[in-house]
Amino acid sequence: MHSARTPGAPPGRTLGEALAEGTVLLDGGLSNQLEAQGCDLSDALWSARLLSDAPQQIEAAHAAYARAGAQVLITASYQATFEGFARRGIGRGRAAELMAGSVEAARRAGAVTGRELWVAASVGPYGAMLADGSEYRGRYGLTVRELERFHRPRAETLAEAGPDVMALETVPDIDEAEALLRAVEGLGVPVWLSYSVAGDRTRAGQPLAEAFALAAGIDQVVAVGVNCCEPADADRAVEVAAAATGKPVVVYPNSGEEWDADGRAWTGRGTFEPGRVRDWQRAGARLVGGCCRVGPSGIAALAERLEASGT
């Protein structure tokens with residue numbers, strides 16, 4: 001198993017301590033920034049391919065968000081799995097090195113700012129490995145135990161790389177959330193749990209209050225909320241997450257454009273408005289940012305709003 005060799009110093013506070021004191025700013029969508037840098041993400045591994053082929057591009061994308069004011073950088077490990085790498089002929093040892101490298105790249109990018117900054121190791125859903133859009137549907141036909149067995153090895157690998165927190169993100173249903181929470185148990189790294197939602201339900205159609213409540217009594221979970229969803233859906237979900245768990249809420253929606261999984265393209269217009277952050281805060285959000293198609297300019301605008309409000 002890979003040994004942690006993460007460069008740069010960790011922050012002086014845990015993320016949980018910071019959230020207890022105020023609002024913390026996340027980064028934005030990694031894929032759109034990589035595309036803006038000229039990277040081709042058409043491969044099934046998506047941004048995870050660049051961990052092997054162009055790691056300097058990953059670090060540059062993180063640096064763009066750090067310069068924009070992000071206090072948390074989410075690693076390029078969302079679609080990084082042993083199974084996915086194996087399809088590219090990459091063995092388990094090298095795959096573990098690449099996953100650990102995702103944490104190292106974010107740490108290096110954040111270290112140059114001289115500011116307090118946390119690294120969040122992304123743990124995406126099972127459907128992200130399939131690369132067929134099923135992470136937006138869930139209900140893969142697998143049991144909770146089977147999903148736990150899938151997630152545990154890479155969760156262990158990422159934990160050993162020394163992140164400050166793990167982001168269990170874009171989770172489409174309660175079964176996978178339960179599996180992820182089991183998979184990270186005992187790893188010694190705090191986590192946040194973030195669902196992808198549609199309206200007032202998970203992508204699989206379960207009530208959000210029930211989905212959030214799954215994490216209510218778990219101390220390892222420092223925040224619960226939503227990501228990779230419509231901004232309007234995020235608005236409604238923040239209040240539900242706060243009421244169901246009593247925990248700080250994490251919220252980082254998409255730009256508002258819609259992903260066409262068949263055409264592999266974004267359609268529609270953006271509705272992400274930085275001014276929403278005030279309503280999110282009032283409803284209980286403490287960890288805020290953007291997801292797909294929200295770039296450094298959007299994060300900089302959020303940073304300005306937070307600075308102006310003194311939070």
# chains A, B, ... in the order shown; residues from 1 in each chain; ligands from 1
>>> select_by_dssp(residues="stretch 151-252 of chain A", states="strand (DSSP E)", output="PyMOL selection string")
chain A and resi 165-171+191-195+197-198+201-202+221-227+249-252
>>> residues_around(residues="A:Arg286", least_positions_apart="4", cutoff="10 Å", atoms="only C-alpha atoms", output="ChimeraX atom specification")
/A:18-25,223,247-251,277,280-282,311
>>> write_last_selection(atoms="all heavy atoms", output="CSV table (one decimal), in the first residue's frame")
chain,number,residue,atom,x,y,z
A,18,ALA,N,-12.8,24.8,11.5
A,18,ALA,CA,-13.0,26.0,10.7
A,18,ALA,C,-14.5,26.2,10.4
A,18,ALA,O,-15.0,27.3,10.4
A,18,ALA,CB,-12.3,25.9,9.3
A,19,LEU,N,-15.2,25.1,10.1
A,19,LEU,CA,-16.7,25.2,9.8
A,19,LEU,C,-17.4,25.7,11.1
A,19,LEU,O,-18.5,26.4,11.0
A,19,LEU,CB,-17.2,23.9,9.3
A,19,LEU,CG,-16.7,23.4,8.0
A,19,LEU,CD1,-17.3,22.0,7.7
A,19,LEU,CD2,-17.0,24.4,6.9
A,20,ALA,N,-16.9,25.4,12.3
A,20,ALA,CA,-17.6,25.8,13.5
A,20,ALA,C,-17.4,27.3,13.7
A,20,ALA,O,-18.2,27.9,14.4
A,20,ALA,CB,-17.0,25.0,14.7
A,21,GLU,N,-16.4,27.9,13.0
A,21,GLU,CA,-16.1,29.3,13.2
A,21,GLU,C,-16.7,30.2,12.1
A,21,GLU,O,-16.8,31.4,12.3
A,21,GLU,CB,-14.6,29.5,13.3
A,21,GLU,CG,-14.0,28.8,14.5
A,21,GLU,CD,-12.5,28.9,14.5
A,21,GLU,OE1,-11.9,29.7,13.7
A,21,GLU,OE2,-11.8,28.1,15.3
A,22,GLY,N,-17.0,29.6,11.0
A,22,GLY,CA,-17.5,30.4,9.9
A,22,GLY,C,-17.6,29.7,8.6
A,22,GLY,O,-17.5,28.4,8.5
A,23,THR,N,-17.8,30.4,7.5
A,23,THR,CA,-18.0,29.8,6.2
A,23,THR,C,-16.6,29.6,5.5
A,23,THR,O,-15.7,30.4,5.6
A,23,THR,CB,-18.8,30.7,5.3
A,23,THR,OG1,-20.0,31.0,5.9
A,23,THR,CG2,-19.1,30.0,3.9
A,24,VAL,N,-16.5,28.4,4.8
A,24,VAL,CA,-15.2,28.0,4.1
A,24,VAL,C,-15.6,27.9,2.7
A,24,VAL,O,-16.6,27.3,2.3
A,24,VAL,CB,-14.7,26.7,4.7
A,24,VAL,CG1,-13.4,26.3,3.9
A,24,VAL,CG2,-14.3,26.9,6.2
A,25,LEU,N,-14.7,28.4,1.8
A,25,LEU,CA,-15.0,28.4,0.4
A,25,LEU,C,-14.3,27.2,-0.4
A,25,LEU,O,-13.1,27.1,-0.3
A,25,LEU,CB,-14.5,29.7,-0.2
A,25,LEU,CG,-14.7,29.9,-1.7
A,25,LEU,CD1,-16.2,29.9,-2.1
A,25,LEU,CD2,-14.0,31.3,-2.2
A,223,ALA,N,-19.8,17.5,7.4
A,223,ALA,CA,-20.8,18.3,6.7
A,223,ALA,C,-21.6,17.4,5.8
A,223,ALA,O,-21.1,16.4,5.3
A,223,ALA,CB,-20.1,19.4,5.8
A,247,LYS,N,-25.9,19.3,11.3
A,247,LYS,CA,-24.5,19.5,10.9
A,247,LYS,C,-24.3,20.7,10.0
A,247,LYS,O,-25.3,21.2,9.3
A,247,LYS,CB,-24.0,18.3,10.2
A,247,LYS,CG,-23.8,17.0,11.1
A,247,LYS,CD,-23.3,15.9,10.3
A,247,LYS,CE,-23.2,14.6,11.1
A,247,LYS,NZ,-22.1,14.7,12.1
A,248,PRO,N,-23.1,21.2,9.8
A,248,PRO,CA,-22.9,22.2,8.8
A,248,PRO,C,-23.2,21.6,7.4
A,248,PRO,O,-23.1,20.4,7.2
A,248,PRO,CB,-21.3,22.5,8.9
A,248,PRO,CG,-21.0,22.1,10.3
A,248,PRO,CD,-21.9,21.0,10.6
A,249,VAL,N,-23.7,22.5,6.6
A,249,VAL,CA,-24.1,22.0,5.2
A,249,VAL,C,-23.1,22.4,4.2
A,249,VAL,O,-22.5,23.5,4.2
A,249,VAL,CB,-25.5,22.7,4.9
A,249,VAL,CG1,-25.9,22.2,3.5
A,249,VAL,CG2,-26.6,22.2,5.9
A,250,VAL,N,-22.8,21.5,3.3
A,250,VAL,CA,-22.0,21.7,2.2
A,250,VAL,C,-22.9,21.8,0.9
A,250,VAL,O,-23.8,21.1,0.7
A,250,VAL,CB,-21.0,20.5,2.0
A,250,VAL,CG1,-21.6,19.2,1.9
A,250,VAL,CG2,-20.1,20.8,0.8
A,251,VAL,N,-22.6,22.8,0.1
A,251,VAL,CA,-23.4,23.1,-1.1
A,251,VAL,C,-22.5,23.6,-2.2
A,251,VAL,O,-21.8,24.6,-2.1
A,251,VAL,CB,-24.5,24.0,-0.8
A,251,VAL,CG1,-24.1,25.3,-0.2
A,251,VAL,CG2,-25.3,24.3,-2.1
A,277,VAL,N,-25.2,32.8,-2.1
A,277,VAL,CA,-24.5,32.4,-0.9
A,277,VAL,C,-25.0,32.9,0.4
A,277,VAL,O,-25.0,32.3,1.4
A,277,VAL,CB,-23.0,32.7,-1.1
A,277,VAL,CG1,-22.7,34.2,-0.9
A,277,VAL,CG2,-22.1,31.9,-0.1
A,280,TRP,N,-27.9,30.7,1.3
A,280,TRP,CA,-27.3,29.4,1.7
A,280,TRP,C,-26.8,29.5,3.2
A,280,TRP,O,-27.1,28.6,4.0
A,280,TRP,CB,-26.1,29.0,0.8
A,280,TRP,CG,-26.5,28.7,-0.6
A,280,TRP,CD1,-27.7,28.4,-1.1
A,280,TRP,CD2,-25.6,28.5,-1.7
A,280,TRP,NE1,-27.6,28.2,-2.4
A,280,TRP,CE2,-26.3,28.2,-2.8
A,280,TRP,CE3,-24.2,28.7,-1.8
A,280,TRP,CZ2,-25.8,28.1,-4.1
A,280,TRP,CZ3,-23.6,28.5,-3.1
A,280,TRP,CH2,-24.4,28.2,-4.2
A,281,GLN,N,-26.1,30.6,3.5
A,281,GLN,CA,-25.6,30.7,4.8
A,281,GLN,C,-26.7,30.8,5.8
A,281,GLN,O,-26.6,30.2,6.9
A,281,GLN,CB,-24.7,32.0,4.9
A,281,GLN,CG,-23.3,31.8,4.2
A,281,GLN,CD,-22.6,33.1,4.2
A,281,GLN,OE1,-23.0,34.2,3.7
A,281,GLN,NE2,-21.4,33.1,4.8
A,282,ARG,N,-27.7,31.6,5.5
A,282,ARG,CA,-28.8,31.7,6.5
A,282,ARG,C,-29.5,30.4,6.7
A,282,ARG,O,-30.0,30.2,7.8
A,282,ARG,CB,-29.8,32.8,5.9
A,282,ARG,CG,-29.4,34.2,6.1
A,282,ARG,CD,-30.6,35.2,5.8
A,282,ARG,NE,-30.8,35.3,4.4
A,282,ARG,CZ,-30.3,36.2,3.6
A,282,ARG,NH1,-29.4,37.1,4.1
A,282,ARG,NH2,-30.6,36.2,2.3
A,311,THR,N,-17.7,36.8,6.5
A,311,THR,CA,-17.9,35.4,6.9
A,311,THR,C,-17.0,34.5,6.1
A,311,THR,O,-16.5,34.9,5.0
A,311,THR,CB,-19.3,35.0,6.7
A,311,THR,OG1,-19.7,35.2,5.3
A,311,THR,CG2,-20.3,35.7,7.6
>>> residues_around(residues="stretch 300-307 of chain A", least_positions_apart="3", cutoff="9 Å", atoms="only C-alpha atoms", output="mmCIF file with all heavy atoms, in the first residue's frame")
data_model
loop_
_atom_site.group_PDB
_atom_site.id
_atom_site.type_symbol
_atom_site.label_atom_id
_atom_site.label_comp_id
_atom_site.auth_asym_id
_atom_site.auth_seq_id
_atom_site.Cartn_x
_atom_site.Cartn_y
_atom_site.Cartn_z
ATOM 1 N N THR A 23 -17.780 30.395 7.475
ATOM 2 C CA THR A 23 -17.958 29.796 6.158
ATOM 3 C C THR A 23 -16.610 29.555 5.488
ATOM 4 O O THR A 23 -15.713 30.400 5.556
ATOM 5 C CB THR A 23 -18.812 30.713 5.264
ATOM 6 O OG1 THR A 23 -20.035 31.013 5.937
ATOM 7 C CG2 THR A 23 -19.126 30.040 3.940
ATOM 8 N N VAL A 24 -16.473 28.407 4.843
ATOM 9 C CA VAL A 24 -15.249 28.028 4.136
ATOM 10 C C VAL A 24 -15.588 27.864 2.655
ATOM 11 O O VAL A 24 -16.610 27.280 2.297
ATOM 12 C CB VAL A 24 -14.664 26.723 4.715
ATOM 13 C CG1 VAL A 24 -13.450 26.268 3.916
ATOM 14 C CG2 VAL A 24 -14.300 26.909 6.192
ATOM 15 N N LEU A 25 -14.708 28.386 1.800
ATOM 16 C CA LEU A 25 -14.965 28.405 0.363
ATOM 17 C C LEU A 25 -14.308 27.237 -0.358
ATOM 18 O O LEU A 25 -13.089 27.054 -0.296
ATOM 19 C CB LEU A 25 -14.460 29.722 -0.228
ATOM 20 C CG LEU A 25 -14.674 29.939 -1.731
ATOM 21 C CD1 LEU A 25 -16.154 29.918 -2.083
ATOM 22 C CD2 LEU A 25 -14.033 31.258 -2.167
ATOM 23 N N TYR A 65 -7.766 27.825 -8.955
ATOM 24 C CA TYR A 65 -8.804 27.994 -7.931
ATOM 25 C C TYR A 65 -8.232 28.556 -6.633
ATOM 26 O O TYR A 65 -8.878 29.364 -5.954
ATOM 27 C CB TYR A 65 -9.523 26.664 -7.683
ATOM 28 C CG TYR A 65 -10.507 26.338 -8.773
ATOM 29 C CD1 TYR A 65 -10.308 25.254 -9.617
ATOM 30 C CD2 TYR A 65 -11.621 27.133 -8.976
ATOM 31 C CE1 TYR A 65 -11.204 24.966 -10.633
ATOM 32 C CE2 TYR A 65 -12.526 26.860 -9.991
ATOM 33 C CZ TYR A 65 -12.319 25.779 -10.814
ATOM 34 O OH TYR A 65 -13.211 25.513 -11.826
ATOM 35 N N ARG A 67 -5.762 30.623 -6.428
ATOM 36 C CA ARG A 67 -5.591 32.054 -6.682
ATOM 37 C C ARG A 67 -6.920 32.806 -6.635
ATOM 38 O O ARG A 67 -6.975 33.983 -6.277
ATOM 39 C CB ARG A 67 -4.917 32.276 -8.040
ATOM 40 C CG ARG A 67 -3.444 31.884 -8.081
ATOM 41 C CD ARG A 67 -2.781 32.423 -9.337
ATOM 42 N NE ARG A 67 -3.400 31.901 -10.549
ATOM 43 C CZ ARG A 67 -3.010 30.793 -11.181
ATOM 44 N NH1 ARG A 67 -1.996 30.076 -10.685
ATOM 45 N NH2 ARG A 67 -3.612 30.399 -12.282
ATOM 46 N N ALA A 68 -7.994 32.118 -7.007
ATOM 47 C CA ALA A 68 -9.322 32.739 -6.997
ATOM 48 C C ALA A 68 -9.888 32.888 -5.588
ATOM 49 O O ALA A 68 -10.906 33.560 -5.411
ATOM 50 C CB ALA A 68 -10.286 31.921 -7.856
ATOM 51 N N GLY A 69 -9.232 32.253 -4.607
ATOM 52 C CA GLY A 69 -9.686 32.391 -3.227
ATOM 53 C C GLY A 69 -10.216 31.128 -2.586
ATOM 54 O O GLY A 69 -10.619 31.152 -1.419
ATOM 55 N N ALA A 70 -10.213 30.011 -3.317
ATOM 56 C CA ALA A 70 -10.699 28.757 -2.737
ATOM 57 C C ALA A 70 -9.856 28.360 -1.534
ATOM 58 O O ALA A 70 -8.632 28.467 -1.556
ATOM 59 C CB ALA A 70 -10.670 27.641 -3.777
ATOM 60 N N GLU A 273 -25.590 31.994 -9.457
ATOM 61 C CA GLU A 273 -25.503 33.395 -9.061
ATOM 62 C C GLU A 273 -24.811 33.478 -7.700
ATOM 63 O O GLU A 273 -25.339 32.966 -6.705
ATOM 64 C CB GLU A 273 -26.908 34.007 -8.980
ATOM 65 C CG GLU A 273 -26.997 35.370 -8.329
ATOM 66 C CD GLU A 273 -25.997 36.360 -8.892
ATOM 67 O OE1 GLU A 273 -25.994 36.552 -10.128
ATOM 68 O OE2 GLU A 273 -25.202 36.904 -8.098
ATOM 69 N N PRO A 274 -23.632 34.096 -7.622
ATOM 70 C CA PRO A 274 -22.896 34.163 -6.357
ATOM 71 C C PRO A 274 -23.706 34.756 -5.204
ATOM 72 O O PRO A 274 -23.460 34.432 -4.048
ATOM 73 C CB PRO A 274 -21.689 35.040 -6.709
ATOM 74 C CG PRO A 274 -21.467 34.804 -8.163
ATOM 75 C CD PRO A 274 -22.845 34.673 -8.742
ATOM 76 N N GLY A 275 -24.665 35.603 -5.524
ATOM 77 C CA GLY A 275 -25.485 36.193 -4.468
ATOM 78 C C GLY A 275 -26.293 35.178 -3.687
ATOM 79 O O GLY A 275 -26.762 35.471 -2.570
ATOM 80 N N VAL A 277 -25.215 32.828 -2.095
ATOM 81 C CA VAL A 277 -24.471 32.368 -0.927
ATOM 82 C C VAL A 277 -25.049 32.922 0.371
ATOM 83 O O VAL A 277 -24.997 32.259 1.411
ATOM 84 C CB VAL A 277 -22.971 32.716 -1.063
ATOM 85 C CG1 VAL A 277 -22.727 34.200 -0.897
ATOM 86 C CG2 VAL A 277 -22.139 31.918 -0.071
ATOM 87 N N ARG A 278 -25.630 34.107 0.340
ATOM 88 C CA ARG A 278 -26.202 34.667 1.565
ATOM 89 C C ARG A 278 -27.385 33.830 2.042
ATOM 90 O O ARG A 278 -27.535 33.555 3.246
ATOM 91 C CB ARG A 278 -26.636 36.119 1.332
ATOM 92 C CG ARG A 278 -25.509 37.049 0.917
ATOM 93 C CD ARG A 278 -24.390 37.077 1.954
ATOM 94 N NE ARG A 278 -24.841 37.587 3.235
ATOM 95 C CZ ARG A 278 -24.933 38.860 3.566
ATOM 96 N NH1 ARG A 278 -24.611 39.787 2.681
ATOM 97 N NH2 ARG A 278 -25.326 39.224 4.763
ATOM 98 N N VAL A 288 -19.109 26.152 0.966
ATOM 99 C CA VAL A 288 -19.806 26.570 -0.251
ATOM 100 C C VAL A 288 -18.833 26.679 -1.415
ATOM 101 O O VAL A 288 -17.650 26.969 -1.243
ATOM 102 C CB VAL A 288 -20.520 27.922 -0.041
ATOM 103 C CG1 VAL A 288 -21.501 27.837 1.125
ATOM 104 C CG2 VAL A 288 -19.521 29.052 0.198
ATOM 105 N N GLY A 289 -19.337 26.451 -2.611
ATOM 106 C CA GLY A 289 -18.510 26.547 -3.802
ATOM 107 C C GLY A 289 -19.321 26.216 -5.030
ATOM 108 O O GLY A 289 -20.539 26.397 -5.066
ATOM 109 N N GLY A 295 -16.288 28.105 -12.836
ATOM 110 C CA GLY A 295 -14.841 28.234 -12.933
ATOM 111 C C GLY A 295 -14.240 29.175 -11.908
ATOM 112 O O GLY A 295 -14.931 29.638 -10.984
ATOM 113 N N PRO A 296 -12.952 29.481 -12.048
ATOM 114 C CA PRO A 296 -12.293 30.375 -11.096
ATOM 115 C C PRO A 296 -12.966 31.734 -10.945
ATOM 116 O O PRO A 296 -12.986 32.302 -9.845
ATOM 117 C CB PRO A 296 -10.886 30.505 -11.690
ATOM 118 C CG PRO A 296 -10.663 29.210 -12.407
ATOM 119 C CD PRO A 296 -11.994 28.882 -12.999
ATOM 120 N N SER A 297 -13.534 32.267 -12.028
ATOM 121 C CA SER A 297 -14.204 33.566 -11.913
ATOM 122 C C SER A 297 -15.425 33.473 -11.010
ATOM 123 O O SER A 297 -15.713 34.399 -10.241
ATOM 124 C CB SER A 297 -14.609 34.084 -13.297
ATOM 125 O OG SER A 297 -15.541 33.217 -13.920
ATOM 126 N N GLY A 310 -18.022 39.474 5.708
ATOM 127 C CA GLY A 310 -17.211 39.181 6.882
ATOM 128 C C GLY A 310 -17.329 37.776 7.373
ATOM 129 O O GLY A 310 -17.059 37.494 8.551
ATOM 130 N N THR A 311 -17.726 36.823 6.486
ATOM 131 C CA THR A 311 -17.886 35.421 6.901
ATOM 132 C C THR A 311 -16.977 34.507 6.083
ATOM 133 O O THR A 311 -16.533 34.866 5.016
ATOM 134 C CB THR A 311 -19.331 34.957 6.706
ATOM 135 O OG1 THR A 311 -19.720 35.168 5.333
ATOM 136 C CG2 THR A 311 -20.265 35.731 7.601
#
>>> residues_around(residues="A:Asp233", least_positions_apart="6", cutoff="10 Å", atoms="only C-alpha atoms", output="list in words")
Ser196, Val197, Ala198, Gly199, Asp200, Arg201, Val226, Asn227, Pro253 and Gly256 of chain A
>>> atom_distance(atom1="atom CA of A:Gly114", atom2="atom CA of A:Asn32")
25.3 Å
>>> atom_distance(atom1="atom CA of A:Gly263", atom2="atom CA of A:Thr202")
23.4 Å
>>> residues_around(residues="A:Glu257", least_positions_apart="6", cutoff="10 Å", atoms="only C-alpha atoms", output="PyMOL selection string")
chain A and resi 229-231+265-272+292-293
>>> residues_around(residues="stretch 147-158 of chain A", least_positions_apart="2", cutoff="6 Å", atoms="only C-alpha atoms", output="count of residues only")
7
>>> closest_residue(among="A:Ala237, A:Ala283, A:Ile174, A:Cys39", to="A:Ala211", atoms="only C-alpha atoms")
A:Ile174
